[in-house]
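Trainee: Quick one: structure below, then a few questions.
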Amino acid sequence: MKMYAYYYKQVIECLCVFFPMTGIVIVCISLLICIGCHKTQDSNSSQTTMSAHYVGREACRSCHDDIYALYTGSDHDLAMDYATDATVLGDFNNASFHHLGMTSAFYKRDGKYFVFTEGHGGKFQEFTIKYTFGVRPLQQYLVEFPDGRVQTLPLCWDTRSKEQGGQRWFHIYNKERIRPDDILYWTRISQNWNYMCAECHSTNLKKNYNASADRYNTTWSEIDVSCEACHGPGSGHVAWAKAEASGEDVWDDADMGLLIRLKDEEDAEVTWVFDKKLATYKPSNPRRKQKQVEMCARCHSRRGVISEDYVHGKPLLDTHYPQVLDENLYYPDGQIRDEVYEYGSFLQSKMYQAGIVCTDCHDAHSTRRRKEGNELCYSCHQPEKYGSSEHHFHKMDSLGSQCIECHMPSRTYMVVDPRRDHSFRVPRPDLSIKLDVPNGCNNCHADKSPAWAAEHFAKWYGQPKTGKHYGEIFRDASRGMPGADADLSRLAEGSQHSPMVRATAVFLLRNYPCESTVLTLRKMLQAANPLIRSEAVTALDILTPNDRLPFLLPVLQDQVRLVRTLAARSLGAVPSDILSKSALQQRDAAIKEYEESQMLNADYPAAHMNLGNLCMDRGEYDRAAASYKKAIEIEPVFIPGYINLADVYRAQNQDEKGMGILLHALGIAPESAPAHHAMGLLMIRTGEHKKAFYYLRKAAILVPENARYSYVYGVTLNSLGMSGLAVSVLRRALNRNPYDRDLMVSLATIHRDRGEFGRALRYAVKLIRNYPDNKDYRQLEQQLIALAARQGVKSEGKD
């Protein structure tokens with residue numbers, strides 16, 4: 001199951017877009033939310049897709065018995081199954097499991113499997129195990145409820161051997177107590193199989209959620225990941241095979257009746273060329289089998305679903321939205337942090353850029369590696385060079401001599417599941433020093449420092465290449481460091497880095513709302529890679545809706561669904577009277593599709609949040625309120641729904657209603673910083689400044705790293721006549737966020753108003769140094785210079 005654990009908690013808190021002293025809007029950025037959908041596809045593909053249907057694996061077996069044998073028992077074959085004596089691996093022989101004061105029991109009765117454990121509201125009750133989920137190194141168990149929803153139990157069976165620490169029950173969140181009112185609790189939407197997991201564990205899955213009845217009728221062609229999950233519906237290929245067997249002329253069908261040829265015809269023309277300098281074999285065509293990589297990425301990536309109309313062989317971004325190297329998911333240098341699977345890492349790698357694909361290392365049917373250990377790497381990399389101690393500087397046959405320990409470090413998820421980083425990177429202990437990221441050297445030598453590892457690395461291999469690593473640029477940009485925008489633009493516009501790195505650079509440009517950024521984003525709208533184009537569309541939110549129009553109106557015709565629907569959403573608030581008749585029709589048709597696609601995930605609260613946000617942008621307050629209320633109805637602990645509903649009432653001058661909503665939210669989640677902050681802003685609007693002080697202070701204490709919370713709290717303190725305390729709060733916030741403009745401006749103006757012109761000038765000078773083109777900051781500096789001159793003081797170097 002896709003256990004989005006800690007990142008999920010962060011997403012639920014969401015990204016706050018603030019309107020200081022007026023209101024607050026929460027924008028859901030969950031990767032699992034549908035963005036939109038567009039029905040356009042070429043007619044031949046559409047006809048083929050409609051005519052093809054799923055036939056099941058047994059139809060393949062008569063011709064492909066050897067492949068069938070490889071597939072049987074594979075991870076794909078065992079991805080999901082009915083709970084039977086043949087499939088259940090856990091101990092249900094009246095076993096018990098104790099976890100943080102709770103005892104669950106596992107047993108059988110009349111051939112069925114049961115668990116007695118915490119259920120809805122924390123009440124212990126009996127549940128029937130309907131399905132098994134996965135097999136190595138753990139097996140999970142699914143419970144089906146009368147309304148068709150299937151939930152994933154947090155109690156898992158460790159399928160490893162006893163010698164490896166397995167053959168035991170464990171909790172998926174290990175020693176963390178997940179209470180019934182936590183959104184990660186197993187009966188809630190975050191652990192719902194229909195929405196969270198199902199697409200990637202069964203073949204031809206259709207969620208079939210009925211929003212009006214609040215019921216699921218989820219279906220599949222085959223319960224596990226079978227032949228047609230990768231090859232597409234096989235009826236056309238079966239017909240082709242029968243025609244060929246009967247002697248008919250079938251050679252005009254180069255695709256053999258398949259929607260996607262995973263054995264590309266171009267592969268016959270590919271040769272493996274030996275690079276003498278690198279002592280490595282490379283494919284002669286670096287563009288080979290790109291469809292295969294994208295087909296695998298449908299499930300082996302951190303992504304959202306934008307349409308169920310998946311067509312094998314079509315671009316991934318027609319139906320899915322892969323996440324870029326977000327700092328909550330990846331370390332700044334691109335190493336895996338959260339559970340992100342393989343695609344985002346692999347797209348960073350030199351192997352991907354050289355044309356290596358998944359099946360060069362993995363057998364597609366057994367899902368096993370083609371060879372084990374270093375022998376797999378030696379398929380391309382000459383062992384005389386890369387297998388020698390002169391290369392790895394470790395004893396032969398030691399752990400340090402294994403390629404993957406240095407170049408594919410692992411990270412453990414779901415308590416017992418170590419997964420390798422597929423970016424195939426060179427260890428960089430020097431980056432560990434700069435960026436506080438892990439490295440392959442210290443993963444083994446945990447008792448040593450990164451400086452120790454960097455010293456040895458430099459002695460063996462020399463200093464790393466000069467110039468900033470993209471991880472350094474991403475770290476600087478995420479902090480808003482001045483000048484990083486130029487580095488981001490160079491990354492985005494250059495061709496030497498992978499599309500994933502370039503798309504991340506575009507994503508981070510939103511932190512720099514200036515003219516040069518807009519120029520770069522305009523270029524990136526024309527990029528060949530749709531992931532880059534999609535990030536350029538969303539980054540243009542730095543402009544007002546009307547200012548985005550000339551950039552995004554042509555993008556409504558983009559060939560890739562994700563790109564054009566993101567553009568439609570971004571233009572949703574553009575007034576109709578400034579659009580031409582054709583542009584209006586095009587925009588509104590796409591908006592309608594966007595709304596319909598959100599309803600694809602109508603079982604999930606953030607889908608209704610997205611619809612509510614669209615309505616808010618368009619001034620449709622009643623529709624917005626209805627959407628936010630629906631989000632709360634679906635998941636009563638979904639705090640962003642309450643905050644945005646209160647903001648609707650702010651827009652309608654009904655803050656008294658908003659106050660009741662926010663008080664209810666704080667009753668549910670008394671430690672929610674966004675809810676406290678929203679309540680503080682409401683109190684400011686209603687003139688209750690002392691009460692505002694309490695709520696704003698609480699938000700700033702709960703999340704001290706949030707510059708906006710501290711800024712609003714500090715400004716409020718100053719307005720209440722507590723300027724000294726305000727300065728203290730703002731200075732602490734500036735220490736954590738040294739490039740935040742609002743913090744520096746507020747400190748400059750408060751010191752000015754206190755008559756401390758030298759201290760005020762210090763912040764103005766820093767603003768000019770960081771943002772030399774800002775006329776307002778220069779005007780503030782000149783004012784302070786004049787005031788300081790009258791007082792006979794200079795800018796103070798230290799505060």
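Chain labels follow the order of the structure tokens: the first chain is A, the next B, and so on; residue numbering restarts at 1 in every chain, and ligands are counted from 1 in their shown order.
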As a count of residues only, which residues of region 33-177 of chain A does DSSP assign to strand (DSSP E)?
Mentor: 50
Trainee: Applying 12 Å and only C-alpha atoms, which residues near Lys277 (chain A) remain after dropping the ones on its own chain fewer than 2 positions away? List them as a PyMOL selection string.
Mentor: chain A and resi 273-275+279-281+381-382+385
Trainee: Give me the residues within 6 Å of region 190-195 of chain A as a list of chain:residue names, counting only C-alpha atoms and dropping any in the same chain fewer than 3 places off.
Mentor: A:Val150, A:Gln151, A:Thr152, A:Leu184, A:Trp186, A:Ala198
Trainee: For the residues in the current selection, export N, CA, C and O atoms as a JSON list (two decimals), in the first residue's frame.
Mentor:
[["chain", "number", "residue", "atom", "x", "y", "z"],
["A", 150, "VAL", "N", -12.85, -0.46, 1.15],
["A", 150, "VAL", "CA", -11.89, -1.45, 1.64],
["A", 150, "VAL", "C", -10.79, -0.69, 2.36],
["A", 150, "VAL", "O", -10.19, 0.23, 1.79],
["A", 151, "GLN", "N", -10.52, -1.08, 3.60],
["A", 151, "GLN", "CA", -9.54, -0.38, 4.42],
["A", 151, "GLN", "C", -8.36, -1.29, 4.74],
["A", 151, "GLN", "O", -8.51, -2.50, 4.87],
["A", 152, "THR", "N", -7.20, -0.68, 4.88],
["A", 152, "THR", "CA", -5.96, -1.42, 5.12],
["A", 152, "THR", "C", -5.65, -1.45, 6.60],
["A", 152, "THR", "O", -5.46, -0.40, 7.23],
["A", 184, "LEU", "N", -4.67, 9.58, 9.87],
["A", 184, "LEU", "CA", -3.95, 8.39, 9.43],
["A", 184, "LEU", "C", -4.52, 7.11, 10.05],
["A", 184, "LEU", "O", -4.01, 6.03, 9.78],
["A", 186, "TRP", "N", -6.66, 3.81, 10.64],
["A", 186, "TRP", "CA", -6.85, 2.84, 9.56],
["A", 186, "TRP", "C", -8.26, 2.82, 8.96],
["A", 186, "TRP", "O", -8.43, 2.39, 7.81],
["A", 198, "ALA", "N", -5.50, 0.99, -4.91],
["A", 198, "ALA", "CA", -6.06, -0.06, -5.77],
["A", 198, "ALA", "C", -5.50, -0.06, -7.18],
["A", 198, "ALA", "O", -5.26, -1.13, -7.76]]
Trainee: What does the distance between CA of Arg303 (chain A) and CA of Ala607 (chain A) come to in Å, to one decimal place?
Mentor: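 Straight-line distance from CA of Arg303 (chain A) to CA of Ala607 (chain A) works out to 15.2 Å.
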Trainee: Using only C-alpha atoms, which residue out of A:Ser349, A:Thr128, A:Thr686, A:Thr359 lies closest to Glu656 (chain A)?
Mentor: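 Of A:Ser349, A:Thr128, A:Thr686, A:Thr359, the one nearest Glu656 (chain A) is A:Thr686, counting only C-alpha atoms.
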Trainee: Applying 7 Å and only C-alpha atoms, which residues near Phe757 (chain A) remain after dropping the ones on its own chain fewer than 3 positions away? List them as a VMD selection string.
Mentor: chain A and resid 751 to 752 760 to 761 784 787 to 788
Trainee: Save out the residues we just selected, C-alpha atoms, as a compact mmCIF listing (two decimals), in the first residue's frame.
Mentor:
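New file selection_12.txt:
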# COMPACT_ATOMS: atom_id res chain seq x y z
CA HIS A 751 13.02 50.37 14.74
CA ARG A 752 12.38 53.56 12.74
CA ALA A 760 16.50 50.35 11.15
CA LEU A 761 19.08 51.28 8.54
CA LEU A 784 16.42 56.20 7.09
CA LEU A 787 16.76 60.40 9.74
CA ALA A 788 19.99 58.82 10.96
Trainee: Got a sec: who's within 12 Å of Asp547 (chain A), counting only C-alpha atoms, leaving out chain neighbours fewer than 4 positions off, as a list of chain:residue names?
Mentor: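 Skipping anything fewer than 4 positions along the chain leaves A:Val518, A:Leu540, A:Asp541, A:Ile542, A:Leu543, A:Phe551, A:Leu552, A:Leu553, A:Ser570, A:Leu571, A:Ala573, A:Val574, A:Pro575, A:Ile578.
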Trainee: Residues as selected, C-alpha atoms, written as a JSON list (two decimals), in the first residue's frame, can you do that?
Mentor:
[["chain", "number", "residue", "atom", "x", "y", "z"],
["A", 518, "VAL", "CA", 8.54, 35.35, -15.90],
["A", 540, "LEU", "CA", 3.04, 31.43, -13.33],
["A", 541, "ASP", "CA", 0.67, 31.80, -10.38],
["A", 542, "ILE", "CA", 3.15, 34.50, -9.33],
["A", 543, "LEU", "CA", 1.19, 36.68, -11.79],
["A", 551, "PHE", "CA", 1.07, 33.20, -21.54],
["A", 552, "LEU", "CA", -1.45, 30.45, -20.83],
["A", 553, "LEU", "CA", -4.19, 30.95, -23.40],
["A", 570, "SER", "CA", -4.93, 28.86, -13.58],
["A", 571, "LEU", "CA", -7.15, 30.97, -15.85],
["A", 573, "ALA", "CA", -10.58, 33.56, -12.33],
["A", 574, "VAL", "CA", -10.06, 35.58, -15.52],
["A", 575, "PRO", "CA", -13.22, 37.70, -16.09],
["A", 578, "ILE", "CA", -12.03, 40.22, -21.38]]
Trainee: Out of A:Glu384, A:Glu390, A:Asp318, A:Asp417, which residue has the shortest atom-to-atom distance to Pro530 (chain A) when counting only C-alpha atoms?
Mentor: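 Closest to Pro530 (chain A) of all the choices is A:Asp318.
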Trainee: Any chance you could list, as a PDB file with N, CA and C atoms, in the first residue's frame, the residues in region 364-436 of chain A that come up helix (DSSP H, G or I) when DSSP is run on the backbone?
Mentor:
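Wrote it out as states-v7.pdb, contents follow:
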ATOM      1  N   ASN A 374      27.210  -7.575  -7.836  1.00  0.00           N
ATOM      2  CA  ASN A 374      27.976  -6.794  -8.806  1.00  0.00           C
ATOM      3  C   ASN A 374      27.873  -7.328 -10.217  1.00  0.00           C
ATOM      4  N   GLU A 375      27.525  -8.612 -10.359  1.00  0.00           N
ATOM      5  CA  GLU A 375      27.428  -9.198 -11.696  1.00  0.00           C
ATOM      6  C   GLU A 375      26.403  -8.456 -12.551  1.00  0.00           C
ATOM      7  N   LEU A 376      25.373  -7.950 -11.930  1.00  0.00           N
ATOM      8  CA  LEU A 376      24.380  -7.184 -12.684  1.00  0.00           C
ATOM      9  C   LEU A 376      25.013  -5.903 -13.226  1.00  0.00           C
ATOM     10  N   CYS A 377      25.769  -5.218 -12.409  1.00  0.00           N
ATOM     11  CA  CYS A 377      26.411  -3.969 -12.833  1.00  0.00           C
ATOM     12  C   CYS A 377      27.465  -4.239 -13.908  1.00  0.00           C
ATOM     13  N   PRO A 383      34.254  -4.986 -15.336  1.00  0.00           N
ATOM     14  CA  PRO A 383      34.673  -5.380 -13.986  1.00  0.00           C
ATOM     15  C   PRO A 383      36.146  -5.130 -13.708  1.00  0.00           C
ATOM     16  N   GLU A 384      36.988  -5.183 -14.740  1.00  0.00           N
ATOM     17  CA  GLU A 384      38.409  -4.953 -14.524  1.00  0.00           C
ATOM     18  C   GLU A 384      38.669  -3.568 -13.936  1.00  0.00           C
ATOM     19  N   LYS A 385      37.800  -2.610 -14.283  1.00  0.00           N
ATOM     20  CA  LYS A 385      37.950  -1.265 -13.750  1.00  0.00           C
ATOM     21  C   LYS A 385      37.105  -1.067 -12.496  1.00  0.00           C
ATOM     22  N   TYR A 386      35.829  -1.382 -12.581  1.00  0.00           N
ATOM     23  CA  TYR A 386      34.911  -1.043 -11.501  1.00  0.00           C
ATOM     24  C   TYR A 386      34.866  -2.082 -10.388  1.00  0.00           C
ATOM     25  N   SER A 389      39.904  -3.071  -6.391  1.00  0.00           N
ATOM     26  CA  SER A 389      40.056  -2.286  -5.164  1.00  0.00           C
ATOM     27  C   SER A 389      40.592  -0.892  -5.469  1.00  0.00           C
ATOM     28  N   GLU A 390      41.210  -0.709  -6.656  1.00  0.00           N
ATOM     29  CA  GLU A 390      41.662   0.628  -7.064  1.00  0.00           C
ATOM     30  C   GLU A 390      40.488   1.552  -7.341  1.00  0.00           C
ATOM     31  N   HIS A 391      39.319   0.949  -7.548  1.00  0.00           N
ATOM     32  CA  HIS A 391      38.123   1.769  -7.767  1.00  0.00           C
ATOM     33  C   HIS A 391      37.362   2.003  -6.466  1.00  0.00           C
ATOM     34  N   HIS A 392      37.090   0.927  -5.729  1.00  0.00           N
ATOM     35  CA  HIS A 392      36.230   1.091  -4.556  1.00  0.00           C
ATOM     36  C   HIS A 392      37.004   1.211  -3.234  1.00  0.00           C
ATOM     37  N   LEU A 399      31.392  -5.664   2.137  1.00  0.00           N
ATOM     38  CA  LEU A 399      30.196  -4.861   1.858  1.00  0.00           C
ATOM     39  C   LEU A 399      30.564  -3.608   1.068  1.00  0.00           C
ATOM     40  N   GLY A 400      31.703  -3.012   1.374  1.00  0.00           N
ATOM     41  CA  GLY A 400      32.118  -1.796   0.689  1.00  0.00           C
ATOM     42  C   GLY A 400      32.505  -1.992  -0.754  1.00  0.00           C
ATOM     43  N   SER A 401      32.706  -3.242  -1.169  1.00  0.00           N
ATOM     44  CA  SER A 401      33.039  -3.519  -2.569  1.00  0.00           C
ATOM     45  C   SER A 401      31.801  -3.711  -3.425  1.00  0.00           C
ATOM     46  N   CYS A 403      28.670  -2.579  -5.429  1.00  0.00           N
ATOM     47  CA  CYS A 403      28.313  -1.342  -6.143  1.00  0.00           C
ATOM     48  C   CYS A 403      27.136  -0.618  -5.497  1.00  0.00           C
ATOM     49  N   ILE A 404      26.101  -1.389  -5.132  1.00  0.00           N
ATOM     50  CA  ILE A 404      24.864  -0.753  -4.676  1.00  0.00           C
ATOM     51  C   ILE A 404      25.037  -0.064  -3.331  1.00  0.00           C
ATOM     52  N   GLU A 405      25.996  -0.488  -2.525  1.00  0.00           N
ATOM     53  CA  GLU A 405      26.163   0.139  -1.218  1.00  0.00           C
ATOM     54  C   GLU A 405      26.640   1.581  -1.358  1.00  0.00           C
ATOM     55  N   CYS A 406      27.392   1.860  -2.392  1.00  0.00           N
ATOM     56  CA  CYS A 406      27.867   3.226  -2.630  1.00  0.00           C
ATOM     57  C   CYS A 406      26.931   4.021  -3.536  1.00  0.00           C
ATOM     58  N   HIS A 407      26.406   3.353  -4.566  1.00  0.00           N
ATOM     59  CA  HIS A 407      25.687   4.072  -5.620  1.00  0.00           C
ATOM     60  C   HIS A 407      24.165   3.936  -5.542  1.00  0.00           C
ATOM     61  N   PRO A 429      30.047  12.976   0.261  1.00  0.00           N
ATOM     62  CA  PRO A 429      30.081  13.398   1.665  1.00  0.00           C
ATOM     63  C   PRO A 429      30.270  14.902   1.822  1.00  0.00           C
ATOM     64  N   ASP A 430      30.871  15.559   0.818  1.00  0.00           N
ATOM     65  CA  ASP A 430      31.002  17.015   0.895  1.00  0.00           C
ATOM     66  C   ASP A 430      29.642  17.688   0.894  1.00  0.00           C
ATOM     67  N   LEU A 431      28.668  17.103   0.185  1.00  0.00           N
ATOM     68  CA  LEU A 431      27.312  17.656   0.194  1.00  0.00           C
ATOM     69  C   LEU A 431      26.613  17.390   1.525  1.00  0.00           C
ATOM     70  N   SER A 432      26.998  16.300   2.189  1.00  0.00           N
ATOM     71  CA  SER A 432      26.446  16.048   3.521  1.00  0.00           C
ATOM     72  C   SER A 432      26.824  17.175   4.470  1.00  0.00           C
ATOM     73  N   ILE A 433      28.046  17.678   4.323  1.00  0.00           N
ATOM     74  CA  ILE A 433      28.500  18.784   5.159  1.00  0.00           C
ATOM     75  C   ILE A 433      27.722  20.057   4.827  1.00  0.00           C
ATOM     76  N   LYS A 434      27.515  20.301   3.546  1.00  0.00           N
ATOM     77  CA  LYS A 434      26.853  21.539   3.119  1.00  0.00           C
ATOM     78  C   LYS A 434      25.336  21.498   3.293  1.00  0.00           C
ATOM     79  N   LEU A 435      24.733  20.343   3.021  1.00  0.00           N
ATOM     80  CA  LEU A 435      23.277  20.275   2.913  1.00  0.00           C
ATOM     81  C   LEU A 435      22.613  19.403   3.974  1.00  0.00           C
TER      82      LEU A 435
END
Trainee: Quick one: residues within 12 Å of Thr517 (chain A), only C-alpha atoms, excluding same-chain residues fewer than 2 positions away - as a PyMOL selection string?
Mentor: chain A and resi 483-490+492-493+505-515+519-524+536+539-543
Trainee: Those selected residues, please, written with C-alpha atoms and delivered as a short mmCIF file (atom, residue, chain, number, x, y, z; two decimals), in the first residue's frame.
Mentor:
data_model
loop_
_atom_site.label_atom_id
_atom_site.label_comp_id
_atom_site.auth_asym_id
_atom_site.auth_seq_id
_atom_site.Cartn_x
_atom_site.Cartn_y
_atom_site.Cartn_z
CA GLY A 483 20.50 35.23 -6.49
CA ALA A 484 19.35 31.62 -6.55
CA ASP A 485 16.78 32.54 -9.20
CA ALA A 486 19.57 33.01 -11.75
CA ASP A 487 20.91 29.55 -10.92
CA LEU A 488 17.43 28.08 -11.22
CA SER A 489 16.95 29.68 -14.62
CA ARG A 490 20.25 28.25 -15.83
CA ALA A 492 15.80 25.05 -16.22
CA GLU A 493 17.01 26.32 -19.57
CA ALA A 505 14.11 24.21 -10.97
CA VAL A 506 11.00 25.58 -12.68
CA PHE A 507 8.89 24.60 -9.66
CA LEU A 508 11.16 26.57 -7.31
CA LEU A 509 11.15 29.68 -9.48
CA ARG A 510 7.79 30.54 -7.92
CA ASN A 511 9.82 31.75 -4.92
CA TYR A 512 11.16 34.59 -7.07
CA PRO A 513 8.30 36.71 -8.43
CA CYS A 514 10.27 39.01 -10.71
CA GLU A 515 10.53 39.88 -14.39
CA LEU A 519 10.83 35.38 -18.93
CA THR A 520 12.24 31.96 -18.01
CA LEU A 521 8.79 30.52 -17.37
CA ARG A 522 7.63 31.79 -20.75
CA LYS A 523 10.46 29.83 -22.40
CA MET A 524 9.68 26.73 -20.36
CA ALA A 536 5.92 26.34 -15.72
CA ALA A 539 4.72 28.66 -11.35
CA LEU A 540 3.04 31.43 -13.33
CA ASP A 541 0.67 31.80 -10.38
CA ILE A 542 3.15 34.50 -9.33
CA LEU A 543 1.19 36.68 -11.79
#
Trainee: Tell me which of A:Arg569, A:Arg370, A:Lys175, A:Lys448 sits closest to Asp588 (chain A), counting only C-alpha atoms.
Mentor: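 Closest candidate: A:Arg569.
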Trainee: Take CA of Met80 (chain A) and CA of Ser221 (chain A) and report the distance between them in Å, one decimal.
Mentor: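 For CA of Met80 (chain A) relative to CA of Ser221 (chain A), the distance reads 12.8 Å.
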Trainee: Looking at only C-alpha atoms, which of A:Ile336, A:Leu702, A:Ala568, A:Leu611 is the one that sits closest to Tyr413 (chain A)?
Mentor: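 Distance minimum relative to Tyr413 (chain A) lands on A:Ile336.
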Trainee: Near region 773-777 of chain A, within 10 Å and counting only C-alpha atoms, which residues show up once chain neighbours fewer than 5 positions away are dropped, as number ranges by chain?
Mentor: A: 514, 741, 745, 763-768, 782-783
Trainee: Just the selected residues (all heavy atoms), exported as a short mmCIF file (atom, residue, chain, number, x, y, z; two decimals), in the first residue's frame, please.
Mentor:
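Dumped everything to selection-v9.cif:
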data_model
loop_
_atom_site.label_atom_id
_atom_site.label_comp_id
_atom_site.auth_asym_id
_atom_site.auth_seq_id
_atom_site.Cartn_x
_atom_site.Cartn_y
_atom_site.Cartn_z
N CYS A 514 9.65 37.85 -10.08
CA CYS A 514 10.27 39.01 -10.71
C CYS A 514 10.23 38.83 -12.23
O CYS A 514 9.84 37.78 -12.75
CB CYS A 514 11.71 39.19 -10.24
SG CYS A 514 12.77 37.77 -10.54
N ARG A 741 11.68 38.91 3.25
CA ARG A 741 11.56 40.36 3.05
C ARG A 741 10.64 41.01 4.08
O ARG A 741 10.92 42.08 4.60
CB ARG A 741 11.02 40.64 1.65
CG ARG A 741 11.83 40.03 0.52
CD ARG A 741 11.28 40.51 -0.81
NE ARG A 741 11.81 39.73 -1.93
CZ ARG A 741 11.82 40.16 -3.17
NH1 ARG A 741 11.31 41.34 -3.46
NH2 ARG A 741 12.30 39.41 -4.14
N VAL A 745 11.54 44.15 6.49
CA VAL A 745 10.82 45.43 6.37
C VAL A 745 10.16 45.79 7.69
O VAL A 745 10.22 46.95 8.14
CB VAL A 745 9.78 45.35 5.24
CG1 VAL A 745 8.85 46.57 5.28
CG2 VAL A 745 10.46 45.27 3.88
N TYR A 763 18.69 46.98 8.56
CA TYR A 763 17.81 46.09 7.82
C TYR A 763 17.53 46.61 6.41
O TYR A 763 17.40 45.84 5.46
CB TYR A 763 16.50 45.88 8.59
CG TYR A 763 16.72 45.11 9.88
CD1 TYR A 763 16.65 45.76 11.11
CD2 TYR A 763 17.03 43.76 9.86
CE1 TYR A 763 16.86 45.07 12.29
CE2 TYR A 763 17.25 43.06 11.03
CZ TYR A 763 17.17 43.71 12.26
OH TYR A 763 17.39 43.02 13.41
N ALA A 764 17.46 47.93 6.29
CA ALA A 764 17.24 48.50 4.95
C ALA A 764 18.43 48.21 4.04
O ALA A 764 18.26 47.89 2.85
CB ALA A 764 17.01 50.01 5.06
N VAL A 765 19.64 48.31 4.59
CA VAL A 765 20.85 48.01 3.81
C VAL A 765 20.84 46.55 3.37
O VAL A 765 21.19 46.22 2.23
CB VAL A 765 22.11 48.34 4.62
CG1 VAL A 765 23.36 47.78 3.94
CG2 VAL A 765 22.24 49.85 4.82
N LYS A 766 20.43 45.67 4.27
CA LYS A 766 20.37 44.25 3.92
C LYS A 766 19.34 44.00 2.82
O LYS A 766 19.56 43.21 1.91
CB LYS A 766 20.02 43.43 5.16
CG LYS A 766 20.07 41.92 4.94
CD LYS A 766 19.72 41.15 6.20
CE LYS A 766 20.81 41.29 7.24
NZ LYS A 766 20.53 40.39 8.43
N LEU A 767 18.20 44.70 2.90
CA LEU A 767 17.18 44.56 1.85
C LEU A 767 17.73 44.99 0.49
O LEU A 767 17.50 44.32 -0.52
CB LEU A 767 15.95 45.40 2.22
CG LEU A 767 15.00 44.79 3.26
CD1 LEU A 767 14.05 45.86 3.80
CD2 LEU A 767 14.20 43.63 2.66
N ILE A 768 18.46 46.12 0.47
CA ILE A 768 19.01 46.61 -0.80
C ILE A 768 20.06 45.65 -1.33
O ILE A 768 20.14 45.39 -2.54
CB ILE A 768 19.62 48.01 -0.60
CG1 ILE A 768 18.52 49.02 -0.25
CG2 ILE A 768 20.35 48.46 -1.86
CD1 ILE A 768 17.46 49.18 -1.29
N GLN A 782 16.78 55.59 1.82
CA GLN A 782 17.07 57.01 1.76
C GLN A 782 16.39 57.76 2.91
O GLN A 782 16.97 58.67 3.51
CB GLN A 782 16.60 57.58 0.41
CG GLN A 782 17.39 57.06 -0.78
CD GLN A 782 18.88 57.34 -0.65
OE1 GLN A 782 19.30 58.45 -0.32
NE2 GLN A 782 19.69 56.31 -0.90
N GLN A 783 15.18 57.36 3.23
CA GLN A 783 14.48 57.98 4.36
C GLN A 783 15.25 57.76 5.66
O GLN A 783 15.43 58.69 6.47
CB GLN A 783 13.07 57.39 4.48
CG GLN A 783 12.26 57.95 5.64
CD GLN A 783 11.07 57.08 5.98
OE1 GLN A 783 11.22 55.90 6.27
NE2 GLN A 783 9.87 57.67 5.94
#
Trainee: From the options A:Ala458, A:Ile189, A:Leu662, A:Ala503, which residue's atoms come nearest to Pro322 (chain A), counting only C-alpha atoms?
Mentor: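 Residue with the minimum atom-to-atom distance to Pro322 (chain A): A:Ala503.
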Trainee: Go through A:Met256, A:Val55, A:Met500, A:Ala446 one by one, measure the shortest atom-to-atom distance of each to Ala243 (chain A) using only C-alpha atoms, and give the residue with the smallest value.
Mentor: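 Between A:Met256, A:Val55, A:Met500, A:Ala446, the residue approaching Ala243 (chain A) most closely is A:Met256.
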